[in-house]
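Engineer: As input, take work.csv (CSV, C-alpha atoms):
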```csv
chain,number,residue,atom,x,y,z
A,1,MET,CA,-181.9,71.1,14.0
A,2,PHE,CA,-184.4,73.2,12.2
A,3,ARG,CA,-186.7,71.4,9.7
A,4,ALA,CA,-189.3,74.0,9.2
A,5,PHE,CA,-190.1,77.7,9.1
A,6,LEU,CA,-193.1,79.7,10.3
A,7,ILE,CA,-193.7,82.5,7.8
A,8,LYS,CA,-195.1,85.8,9.1
A,9,TYR,CA,-196.8,88.4,7.0
A,10,ALA,CA,-198.0,91.9,7.9
A,11,GLU,CA,-200.3,93.7,5.5
A,12,ILE,CA,-202.0,90.6,4.3
A,13,GLY,CA,-203.4,90.1,7.8
A,14,VAL,CA,-205.8,93.1,7.4
A,15,LYS,CA,-207.3,92.0,4.1
A,16,GLY,CA,-210.5,90.7,5.6
A,17,LYS,CA,-212.5,88.3,3.5
A,18,ASN,CA,-210.0,88.5,0.6
A,19,ARG,CA,-207.1,87.5,2.8
A,20,TYR,CA,-207.0,83.9,1.5
A,21,LEU,CA,-206.3,85.2,-2.1
A,22,PHE,CA,-203.2,87.1,-0.9
A,23,GLU,CA,-202.1,84.1,1.2
A,24,ASP,CA,-202.5,81.8,-1.8
A,25,ALA,CA,-200.4,84.2,-3.9
A,26,LEU,CA,-197.8,84.3,-1.2
A,27,VAL,CA,-197.7,80.5,-1.1
A,28,HIS,CA,-197.3,80.4,-4.9
A,29,GLN,CA,-194.3,82.8,-4.8
A,30,MET,CA,-192.7,80.9,-2.0
A,31,LYS,CA,-193.0,77.6,-3.9
A,32,PHE,CA,-191.4,79.3,-7.0
A,33,ALA,CA,-188.5,80.7,-4.9
A,34,LEU,CA,-187.8,77.3,-3.2
A,35,LYS,CA,-187.9,75.4,-6.4
A,36,LYS,CA,-184.2,76.4,-6.9
A,37,CYS,CA,-183.2,75.1,-3.5
A,38,GLN,CA,-181.6,71.8,-2.6
A,39,GLY,CA,-184.2,69.6,-1.2
A,40,GLU,CA,-188.0,69.3,-1.3
A,41,PHE,CA,-190.4,71.4,0.7
A,42,SER,CA,-194.1,71.4,1.6
A,43,ILE,CA,-196.0,74.6,2.3
A,44,HIS,CA,-199.3,74.7,4.1
A,45,LYS,CA,-201.6,77.2,5.7
A,46,SER,CA,-203.1,76.8,9.2
A,47,GLN,CA,-205.2,79.3,11.1
A,48,GLY,CA,-203.6,82.4,9.9
A,49,ARG,CA,-200.1,80.9,9.7
A,50,ILE,CA,-198.0,79.6,6.8
A,51,TYR,CA,-195.5,76.9,7.4
A,52,VAL,CA,-192.7,75.6,5.2
A,53,GLU,CA,-191.4,72.1,6.1
A,54,ALA,CA,-188.4,70.4,4.6
A,55,GLN,CA,-189.1,66.8,3.3
A,56,GLY,CA,-185.5,65.6,3.8
A,57,GLU,CA,-182.0,67.0,3.6
A,58,PHE,CA,-181.8,70.7,2.7
A,59,ASP,CA,-179.5,73.7,2.8
A,60,PHE,CA,-180.8,75.9,5.6
A,61,GLU,CA,-179.0,79.1,4.6
A,62,GLU,CA,-180.0,78.7,0.9
A,63,ALA,CA,-183.6,78.3,1.9
A,64,VAL,CA,-183.6,81.4,4.1
A,65,ASP,CA,-181.9,83.4,1.3
A,66,LYS,CA,-184.6,82.5,-1.2
A,67,LEU,CA,-187.4,83.2,1.2
A,68,LYS,CA,-185.9,86.6,2.1
A,69,ASN,CA,-186.5,87.6,-1.6
A,70,VAL,CA,-190.3,86.9,-1.5
A,71,PHE,CA,-192.4,90.0,-1.2
A,72,GLY,CA,-195.2,89.6,1.3
A,73,ILE,CA,-193.0,87.9,4.0
A,74,SER,CA,-192.4,90.1,7.0
A,75,GLY,CA,-190.5,87.5,9.0
A,76,ILE,CA,-189.0,84.0,8.7
A,77,CYS,CA,-189.0,82.0,11.9
A,78,PRO,CA,-186.9,78.8,12.0
A,79,VAL,CA,-189.0,76.3,14.1
A,80,VAL,CA,-188.8,72.9,15.6
A,81,TYR,CA,-191.9,70.9,16.1
A,82,VAL,CA,-192.9,68.0,18.3
A,83,GLU,CA,-195.9,65.7,18.2
A,84,ASP,CA,-198.3,66.1,21.1
A,85,GLU,CA,-197.1,63.3,23.3
A,86,GLY,CA,-197.8,64.9,26.6
A,87,PHE,CA,-196.5,67.9,28.5
A,88,GLY,CA,-193.4,66.0,29.7
A,89,LYS,CA,-192.3,65.5,26.2
A,90,LEU,CA,-192.8,69.2,25.5
A,91,LYS,CA,-190.6,70.2,28.5
A,92,GLU,CA,-187.8,67.9,27.2
A,93,ARG,CA,-187.9,69.5,23.8
A,94,ILE,CA,-187.9,73.0,25.2
A,95,LEU,CA,-184.9,72.3,27.3
A,96,ALA,CA,-183.1,70.7,24.4
A,97,TYR,CA,-184.0,73.7,22.2
A,98,VAL,CA,-182.6,76.2,24.7
A,99,ASP,CA,-179.4,74.1,25.2
A,100,GLU,CA,-178.7,73.8,21.5
A,101,VAL,CA,-179.6,77.3,20.3
A,102,TYR,CA,-178.2,79.3,23.2
A,103,PRO,CA,-174.9,77.8,24.4
A,104,ASP,CA,-174.4,81.0,26.6
A,105,LYS,CA,-177.0,80.6,29.2
A,106,HIS,CA,-176.4,84.0,30.9
A,107,ARG,CA,-179.5,85.4,29.2
A,108,THR,CA,-182.9,86.7,30.2
A,109,PHE,CA,-186.0,84.9,28.7
A,110,LYS,CA,-189.7,84.8,28.6
A,111,VAL,CA,-192.0,82.0,27.4
A,112,HIS,CA,-195.0,83.0,25.3
A,113,SER,CA,-197.4,80.3,24.4
A,114,ARG,CA,-200.3,80.4,22.0
A,115,ARG,CA,-203.0,77.7,22.3
A,116,ALA,CA,-204.7,77.6,18.9
A,117,ARG,CA,-206.0,74.1,19.7
A,118,LYS,CA,-208.3,75.0,22.6
A,119,GLU,CA,-208.9,71.4,23.7
A,120,TYR,CA,-205.3,71.3,24.9
A,121,PRO,CA,-205.5,70.5,28.7
A,122,MET,CA,-203.5,73.5,29.9
A,123,GLU,CA,-204.1,77.2,29.4
A,124,SER,CA,-201.5,79.5,28.0
A,125,MET,CA,-200.6,81.0,31.4
A,126,GLU,CA,-200.1,77.6,32.9
A,127,ILE,CA,-197.9,76.5,30.0
A,128,ASN,CA,-195.8,79.7,30.3
A,129,ALA,CA,-195.3,79.2,34.1
A,130,ALA,CA,-194.5,75.5,33.9
A,131,LEU,CA,-192.0,75.8,31.0
A,132,GLY,CA,-190.4,78.8,32.6
A,133,GLU,CA,-190.0,76.9,35.8
A,134,ALA,CA,-188.4,73.9,34.0
A,135,ILE,CA,-185.9,76.2,32.2
A,136,LEU,CA,-184.9,77.9,35.5
A,137,GLN,CA,-184.4,74.6,37.2
A,138,ALA,CA,-182.3,73.2,34.3
A,139,TYR,CA,-180.3,76.4,33.7
A,140,PRO,CA,-180.1,78.4,36.9
A,141,GLU,CA,-177.9,81.0,35.3
A,142,MET,CA,-180.8,82.2,33.2
A,143,SER,CA,-183.4,84.6,34.5
A,144,VAL,CA,-186.9,85.7,33.6
A,145,ASP,CA,-187.7,89.2,32.2
A,146,VAL,CA,-191.3,89.6,31.1
A,147,HIS,CA,-190.8,93.1,29.7
A,148,GLU,CA,-187.6,93.1,27.6
A,149,PRO,CA,-186.3,89.5,27.4
A,150,GLU,CA,-183.2,88.7,25.4
A,151,ILE,CA,-184.8,85.4,24.4
A,152,LEU,CA,-188.5,85.2,23.6
A,153,LEU,CA,-189.5,81.5,23.4
A,154,ASN,CA,-192.6,81.1,21.4
A,155,VAL,CA,-194.7,77.9,21.8
A,156,GLU,CA,-197.6,77.4,19.4
A,157,ILE,CA,-200.0,74.6,20.2
A,158,ARG,CA,-201.6,73.4,17.0
A,159,GLU,CA,-201.9,70.0,15.3
A,160,LYS,CA,-198.2,69.8,16.2
A,161,ILE,CA,-196.4,72.0,18.7
A,162,TYR,CA,-194.1,74.5,17.2
A,163,ILE,CA,-191.2,76.2,19.1
A,164,TYR,CA,-189.2,79.2,17.8
A,165,SER,CA,-187.3,82.2,19.2
A,166,GLU,CA,-185.8,84.0,16.2
A,167,THR,CA,-187.4,86.1,13.5
A,168,ILE,CA,-185.3,86.8,10.4
A,169,PRO,CA,-186.6,89.9,8.6
A,170,GLY,CA,-188.3,89.5,5.2
A,171,PRO,CA,-188.7,92.2,2.6
A,172,GLY,CA,-192.4,93.0,3.5
A,173,GLY,CA,-194.7,94.3,0.9
A,174,MET,CA,-197.3,92.4,-1.0
A,175,PRO,CA,-197.0,89.1,-3.0
A,176,VAL,CA,-196.1,89.7,-6.6
A,177,GLY,CA,-199.1,89.3,-8.9
A,178,THR,CA,-201.7,90.7,-6.5
A,179,GLY,CA,-201.3,94.2,-7.9
A,180,GLY,CA,-201.6,93.5,-11.6
A,181,LYS,CA,-198.8,93.8,-14.2
A,182,ALA,CA,-196.8,96.8,-15.4
A,183,MET,CA,-194.2,97.6,-18.1
A,184,LEU,CA,-190.8,98.7,-16.7
A,185,LEU,CA,-188.7,101.0,-18.9
A,186,LEU,CA,-185.4,99.3,-18.0
A,187,SER,CA,-182.1,101.0,-18.8
A,188,GLY,CA,-178.5,100.1,-17.8
A,189,GLY,CA,-178.5,102.8,-15.1
A,190,ILE,CA,-178.9,102.6,-11.3
A,191,ASP,CA,-182.5,104.0,-11.1
A,192,SER,CA,-184.8,101.8,-13.2
A,193,PRO,CA,-183.9,98.4,-11.7
A,194,VAL,CA,-184.6,100.0,-8.2
A,195,ALA,CA,-187.9,101.4,-9.5
A,196,GLY,CA,-188.9,97.9,-10.7
A,197,TYR,CA,-188.0,96.4,-7.3
A,198,MET,CA,-190.0,99.1,-5.5
A,199,ILE,CA,-193.2,98.7,-7.6
A,200,ALA,CA,-192.9,94.9,-7.4
A,201,LYS,CA,-192.8,95.2,-3.6
A,202,ARG,CA,-196.4,96.5,-3.9
A,203,GLY,CA,-197.5,93.2,-5.6
A,204,VAL,CA,-197.0,94.3,-9.2
A,205,LYS,CA,-195.8,91.7,-11.8
A,206,LEU,CA,-193.2,93.1,-14.2
A,207,ASP,CA,-192.5,93.0,-17.9
A,208,ALA,CA,-189.7,95.3,-19.2
A,209,VAL,CA,-188.6,97.1,-22.3
A,210,TYR,CA,-185.1,98.2,-23.2
A,211,PHE,CA,-184.1,100.5,-26.0
A,212,HIS,CA,-180.9,99.4,-27.8
A,213,ALA,CA,-179.0,101.5,-30.3
A,214,PRO,CA,-176.4,99.5,-32.2
A,215,PRO,CA,-173.7,100.3,-33.2
A,216,TYR,CA,-173.7,103.3,-30.8
A,217,THR,CA,-174.3,101.0,-27.9
A,218,SER,CA,-172.5,97.7,-27.7
A,219,GLU,CA,-173.7,94.1,-27.1
A,220,TRP,CA,-172.1,94.5,-23.7
A,221,ALA,CA,-174.6,97.3,-22.9
A,222,LYS,CA,-177.5,95.0,-23.9
A,223,GLN,CA,-176.1,92.1,-21.8
A,224,LYS,CA,-175.8,94.5,-18.9
A,225,VAL,CA,-179.5,95.2,-19.1
A,226,VAL,CA,-180.3,91.5,-19.4
A,227,ASP,CA,-178.2,90.8,-16.3
A,228,LEU,CA,-180.1,93.6,-14.4
A,229,ALA,CA,-183.4,92.0,-15.4
A,230,LYS,CA,-182.2,88.7,-14.1
A,231,ILE,CA,-181.2,90.2,-10.7
A,232,VAL,CA,-184.6,91.9,-10.4
A,233,SER,CA,-186.3,88.6,-11.4
A,234,ARG,CA,-185.0,87.1,-8.2
A,235,TYR,CA,-187.7,89.1,-6.4
A,236,VAL,CA,-190.5,89.2,-9.0
A,237,GLY,CA,-190.1,85.9,-11.0
A,238,PRO,CA,-189.3,85.7,-14.7
A,239,ILE,CA,-189.3,89.0,-16.6
A,240,TRP,CA,-190.2,89.2,-20.3
A,241,LEU,CA,-187.7,91.7,-21.5
A,242,HIS,CA,-188.6,93.3,-24.9
A,243,ILE,CA,-185.5,94.7,-26.6
A,244,ILE,CA,-186.2,97.5,-29.2
A,245,ASN,CA,-183.7,98.5,-31.8
A,246,PHE,CA,-184.0,102.3,-31.4
A,247,THR,CA,-181.1,103.4,-33.7
A,248,ASP,CA,-183.1,104.5,-36.8
A,249,ILE,CA,-185.6,106.4,-34.7
A,250,GLN,CA,-182.9,108.2,-32.7
A,251,LEU,CA,-181.0,109.2,-35.9
A,252,TYR,CA,-184.2,110.5,-37.5
A,253,ILE,CA,-185.0,112.6,-34.5
A,254,HIS,CA,-181.4,113.8,-34.3
A,255,GLU,CA,-181.7,114.9,-38.0
A,256,LYS,CA,-185.1,116.5,-37.9
A,257,CYS,CA,-185.6,118.1,-34.5
A,258,PRO,CA,-183.9,120.9,-32.5
A,259,HIS,CA,-181.0,119.6,-30.6
A,260,GLU,CA,-182.1,121.0,-27.2
A,261,GLU,CA,-185.3,119.0,-27.6
A,262,LEU,CA,-183.6,115.7,-28.6
A,263,THR,CA,-183.9,114.1,-25.1
A,264,ILE,CA,-187.5,114.9,-24.5
A,265,ILE,CA,-188.7,113.9,-28.0
A,266,MET,CA,-186.7,110.6,-27.8
A,267,ARG,CA,-188.3,110.0,-24.4
A,268,ARG,CA,-191.7,110.6,-25.8
A,269,TYR,CA,-191.2,108.0,-28.5
A,270,MET,CA,-189.9,105.5,-26.0
A,271,MET,CA,-193.0,106.0,-24.0
A,272,ARG,CA,-195.2,105.5,-27.0
A,273,ILE,CA,-193.4,102.3,-27.9
A,274,ALA,CA,-193.4,101.0,-24.4
A,275,GLU,CA,-197.1,101.7,-24.1
A,276,ALA,CA,-197.9,99.8,-27.4
A,277,ILE,CA,-196.1,96.7,-26.0
A,278,ALA,CA,-197.7,97.2,-22.6
A,279,VAL,CA,-201.2,97.2,-24.1
A,280,GLU,CA,-200.4,94.2,-26.2
A,281,THR,CA,-199.2,92.2,-23.2
A,282,GLY,CA,-201.9,93.2,-20.7
A,283,CYS,CA,-200.0,95.6,-18.6
A,284,LEU,CA,-201.9,98.2,-16.6
A,285,GLY,CA,-199.3,100.9,-16.6
A,286,LEU,CA,-195.7,102.0,-17.3
A,287,VAL,CA,-193.0,102.2,-14.7
A,288,THR,CA,-189.9,104.5,-14.9
A,289,GLY,CA,-187.0,105.3,-12.6
A,290,GLU,CA,-187.4,109.0,-12.8
A,291,SER,CA,-186.9,111.3,-9.8
A,292,ILE,CA,-187.8,115.0,-9.8
A,293,GLY,CA,-184.9,117.2,-10.7
A,294,GLN,CA,-182.3,114.5,-11.0
A,295,VAL,CA,-181.5,115.4,-14.7
A,296,ALA,CA,-182.9,117.9,-17.2
A,297,SER,CA,-185.4,115.3,-18.6
A,298,GLN,CA,-186.8,114.9,-15.1
A,299,THR,CA,-188.2,118.3,-14.3
A,300,MET,CA,-191.9,118.6,-13.6
A,301,GLN,CA,-192.4,120.1,-17.1
A,302,SER,CA,-190.4,117.4,-18.8
A,303,LEU,CA,-192.3,114.6,-16.9
A,304,ALA,CA,-195.6,116.3,-17.9
A,305,ALA,CA,-194.4,116.3,-21.6
A,306,THR,CA,-193.6,112.6,-21.6
A,307,ASN,CA,-196.9,111.8,-19.7
A,308,GLU,CA,-198.8,113.6,-22.4
A,309,VAL,CA,-198.2,110.9,-25.0
A,310,CYS,CA,-199.5,108.1,-22.8
A,311,GLN,CA,-203.0,106.8,-22.2
A,312,LEU,CA,-201.8,104.3,-19.5
A,313,PRO,CA,-200.8,105.7,-16.1
A,314,VAL,CA,-197.1,106.2,-15.6
A,315,TYR,CA,-195.8,105.1,-12.1
A,316,ARG,CA,-192.6,106.6,-10.8
A,317,PRO,CA,-191.8,104.8,-7.4
A,318,LEU,CA,-188.6,106.9,-7.0
A,319,ILE,CA,-190.1,110.3,-7.6
A,320,GLY,CA,-189.2,111.7,-4.2
A,321,PHE,CA,-185.9,109.8,-3.7
A,322,ASP,CA,-182.5,111.5,-3.8
A,323,LYS,CA,-179.6,109.7,-5.5
A,324,GLN,CA,-178.0,108.4,-2.4
A,325,GLU,CA,-181.3,106.8,-1.3
A,326,ILE,CA,-181.5,105.1,-4.7
A,327,VAL,CA,-177.9,103.9,-4.5
A,328,GLU,CA,-178.5,102.4,-1.1
A,329,VAL,CA,-181.5,100.4,-2.3
A,330,ALA,CA,-179.5,99.3,-5.4
A,331,GLY,CA,-176.7,98.1,-3.1
A,332,ARG,CA,-179.1,96.2,-0.9
A,333,ILE,CA,-180.9,94.4,-3.8
A,334,GLY,CA,-177.7,93.6,-5.7
A,335,THR,CA,-178.1,95.7,-8.8
A,336,PHE,CA,-175.6,98.5,-8.1
A,337,GLU,CA,-172.4,96.7,-9.1
A,338,THR,CA,-173.9,95.7,-12.5
A,339,SER,CA,-175.5,99.2,-13.1
A,340,ILE,CA,-172.1,101.0,-12.8
A,341,LEU,CA,-170.4,98.8,-15.4
A,342,PRO,CA,-169.0,101.3,-18.0
A,343,TYR,CA,-171.3,100.4,-21.0
A,344,GLU,CA,-173.3,103.3,-22.3
A,345,ASP,CA,-177.0,102.9,-23.0
A,346,CYS,CA,-178.8,104.7,-25.9
A,347,CYS,CA,-179.9,107.6,-23.8
A,348,THR,CA,-176.4,108.8,-23.1
A,349,ILE,CA,-175.1,108.7,-26.7
A,350,PHE,CA,-177.6,111.3,-28.1
A,351,VAL,CA,-177.7,113.7,-25.1
A,352,ALA,CA,-178.0,117.4,-26.1
A,353,LYS,CA,-175.3,119.8,-24.8
A,354,HIS,CA,-177.9,122.2,-23.5
A,355,PRO,CA,-181.2,120.3,-23.1
A,356,VAL,CA,-184.4,122.1,-22.6
A,357,THR,CA,-185.5,121.9,-18.9
A,358,LYS,CA,-189.0,123.4,-19.2
A,359,PRO,CA,-190.3,122.1,-22.5
A,360,ASN,CA,-193.5,123.6,-23.9
A,361,VAL,CA,-195.8,120.7,-25.0
A,362,LYS,CA,-197.3,122.7,-27.9
A,363,VAL,CA,-193.8,123.6,-29.2
A,364,ILE,CA,-192.7,119.9,-28.8
A,365,ARG,CA,-195.7,118.7,-30.8
A,366,ARG,CA,-195.0,121.2,-33.5
A,367,HIS,CA,-191.4,120.1,-33.9
A,368,GLU,CA,-192.5,116.4,-33.9
A,369,GLN,CA,-194.4,117.2,-37.1
A,370,ASN,CA,-191.0,117.3,-38.7
A,371,LEU,CA,-190.9,113.6,-38.3
A,372,ASP,CA,-194.3,112.9,-40.0
A,373,GLU,CA,-192.8,111.5,-43.2
A,374,LYS,CA,-191.1,108.4,-41.8
A,375,ILE,CA,-191.6,108.1,-38.0
A,376,ASP,CA,-194.7,105.9,-38.1
A,377,GLN,CA,-193.0,103.4,-40.3
A,378,LEU,CA,-189.9,103.5,-38.1
A,379,VAL,CA,-191.9,102.8,-35.0
A,380,LYS,CA,-193.8,100.0,-36.7
A,381,THR,CA,-190.5,98.4,-37.9
A,382,ALA,CA,-189.0,98.7,-34.4
A,383,LEU,CA,-192.0,96.9,-32.9
A,384,GLU,CA,-192.0,94.2,-35.5
A,385,THR,CA,-188.3,93.5,-35.1
A,386,LYS,CA,-188.2,93.6,-31.3
A,387,GLU,CA,-186.3,90.8,-29.5
A,388,LEU,CA,-187.7,88.9,-26.6
A,389,VAL,CA,-185.5,87.6,-23.7
A,390,ILE,CA,-187.0,85.8,-20.7
A,391,ALA,CA,-184.8,86.9,-17.8
A,392,GLU,CA,-184.7,84.6,-14.8
A,393,GLY,CA,-182.2,84.9,-12.1
```
Just dump the structure as structure tokens.
Structural biologist:
Amino acid sequence: MFRAFLIKYAEIGVKGKNRYLFEDALVHQMKFALKKCQGEFSIHKSQGRIYVEAQGEFDFEEAVDKLKNVFGISGICPVVYVEDEGFGKLKERILAYVDEVYPDKHRTFKVHSRRARKEYPMESMEINAALGEAILQAYPEMSVDVHEPEILLNVEIREKIYIYSETIPGPGGMPVGTGGKAMLLLSGGIDSPVAGYMIAKRGVKLDAVYFHAPPYTSEWAKQKVVDLAKIVSRYVGPIWLHIINFTDIQLYIHEKCPHEELTIIMRRYMMRIAEAIAVETGCLGLVTGESIGQVASQTMQSLAATNEVCQLPVYRPLIGFDKQEIVEVAGRIGTFETSILPYEDCCTIFVAKHPVTKPNVKVIRRHEQNLDEKIDQLVKTALETKELVIAEG
């Protein structure tokens, strides 16, 4: 029955003179999402509306699932449309729509028409009354409720006439790419994929960096991170995942620095390396999955100590989330089951038994001087030997 969708957006509607830029970005993301669907689709804008029309046979559920992953969409409305062949034809189509979509007629309803084409010979109130009367005559078990109807029949008079009554929720947010690009520090845990999702929802395109430590972490651990990047890419498009061999750097820090400071010093070098790649690839900031107080390396003092080595801003979308809230989002976006697979990442192998929770930056800097002999060369080698995987779900 349904051959088209009306796409609703929320925040984009208040963008003023720049709105068309956000609409164009949304159309681009929708085209990318629908490329993987069975069938061909055309997408066009019309007076503050975006329409997706199937050009032949297509899988309805598949198309809806793909559109539900596109940031910027607040609602997906399956529509039927008729050519303007007179009001009698419109009444026939409305009655057929109600009969097919709502087999149980014991419902309340309201007709809401919008006459975008002002030369149409009837005004909106006349259309509402005439269509409502036709429905009541055809289906007397139905009744009108103008305040809280069970069925809201929308009729939009445009070049064609569109009829719809259902709105499938979209993810909201802003179209990916309208907020610049950032570098996500992606681990195999629960938090960082969710952080990537949350920042992307604000329109930010993502690259990612993963710190691998063979043989202390297995190839399964690396594949787990690649799989997580692929899942996140369903929402943000292809992710360029930079894989850094961090083993020699970790071992050197383990050898030269106090054990209670291992986590914070390793984290500082991860941030330095991630920032170097971010600058090289045109990213405007770093993104991490940190949340205040969740672990020892995520106290206010520890976060300040890691921030201290960065020139780029560090974004932490989960900073005020508790673990259960993060887990709920991970379950909703499909990363949770992969995140809990039992493959350790490099952070968990070299964890100190009693990590410092309130690091003093001056003390940390002084202890990092123990690394002066080799650390710059180790970082250089890690950057030169990084592996690039383009993750696409």
Engineer: When you count only C-alpha atoms, which of these residues is closest to Val225 of chain A: A:Ile161, A:Met125, A:Val363, A:Leu185?
Structural biologist: A:Leu185
Engineer: Tell me which of A:Leu26, A:Val144, A:Ala221, A:Val314 sits closest to Ala10 of chain A, counting only C-alpha atoms.
Structural biologist: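 Counting only C-alpha atoms, the residue closest to Ala10 of chain A is A:Leu26.
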Engineer: Calculated over all atoms listed in the file, which of the candidates A:Ile273, A:Val80, A:Ile333, A:Met122 has the smallest distance to Ala382 of chain A?
Structural biologist: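 Residue with the minimum atom-to-atom distance to Ala382 of chain A: A:Ile273.
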Engineer: Can you list, as a list in words, every protein, DNA or RNA residue that comes within 12 Å of Asp84 of chain A when you count only C-alpha atoms, leaving out same-chain residues fewer than 3 positions away?
Structural biologist: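 Skipping anything fewer than 3 positions along the chain leaves Tyr81, Phe87, Gly88, Lys89, Leu90, Lys91, Arg93, Arg117, Tyr120, Pro121, Glu156, Ile157, Arg158, Glu159, Lys160, Ile161 and Tyr162 of chain A.
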Engineer: For the selection just defined, write its residues with C-alpha atoms to a file, as an mmCIF file, in the coordinates of the input.
Structural biologist:
```cif
data_model
loop_
_atom_site.group_PDB
_atom_site.id
_atom_site.type_symbol
_atom_site.label_atom_id
_atom_site.label_comp_id
_atom_site.auth_asym_id
_atom_site.auth_seq_id
_atom_site.Cartn_x
_atom_site.Cartn_y
_atom_site.Cartn_z
ATOM 1 C CA TYR A 81 -191.900 70.900 16.100
ATOM 2 C CA PHE A 87 -196.500 67.900 28.500
ATOM 3 C CA GLY A 88 -193.400 66.000 29.700
ATOM 4 C CA LYS A 89 -192.300 65.500 26.200
ATOM 5 C CA LEU A 90 -192.800 69.200 25.500
ATOM 6 C CA LYS A 91 -190.600 70.200 28.500
ATOM 7 C CA ARG A 93 -187.900 69.500 23.800
ATOM 8 C CA ARG A 117 -206.000 74.100 19.700
ATOM 9 C CA TYR A 120 -205.300 71.300 24.900
ATOM 10 C CA PRO A 121 -205.500 70.500 28.700
ATOM 11 C CA GLU A 156 -197.600 77.400 19.400
ATOM 12 C CA ILE A 157 -200.000 74.600 20.200
ATOM 13 C CA ARG A 158 -201.600 73.400 17.000
ATOM 14 C CA GLU A 159 -201.900 70.000 15.300
ATOM 15 C CA LYS A 160 -198.200 69.800 16.200
ATOM 16 C CA ILE A 161 -196.400 72.000 18.700
ATOM 17 C CA TYR A 162 -194.100 74.500 17.200
#
```
Engineer: With all atoms listed in the file as the basis for distance, which of A:Gly334, A:Pro175, A:Pro214, A:Pro359 is at the shortest distance from Leu262 of chain A?
Structural biologist: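 That would be A:Pro359, the residue with the smallest distance to Leu262 of chain A.
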Engineer: Report, in Å with one decimal, the straight-line distance from atom CA of Glu392 of chain A to atom CA of Thr335 of chain A.
Structural biologist: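 Atom CA of Glu392 of chain A sits 14.2 Å away from atom CA of Thr335 of chain A.
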Engineer: Which residue gives the smallest distance to Ala229 of chain A among A:Ala330, A:Ala391, A:Ala352, A:Val79, with only C-alpha atoms counted?
Structural biologist: A:Ala391
Engineer: Ranking A:Leu206, A:Val111, A:Leu34, A:Lys380 by minimum distance to Gly282 of chain A and counting all atoms listed in the file, which one comes first?
Structural biologist: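 For Gly282 of chain A, the nearest of the candidates is A:Leu206.
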Engineer: Please return, as a PyMOL selection string, all polymer residues that have at least one atom within 9 Å of the point (-193.7, 91.8, -11.5); use only C-alpha atoms and the file's own coordinate frame.
Structural biologist: chain A and resi 176-177+179-183+196-197+199-201+203-207+233+235-239
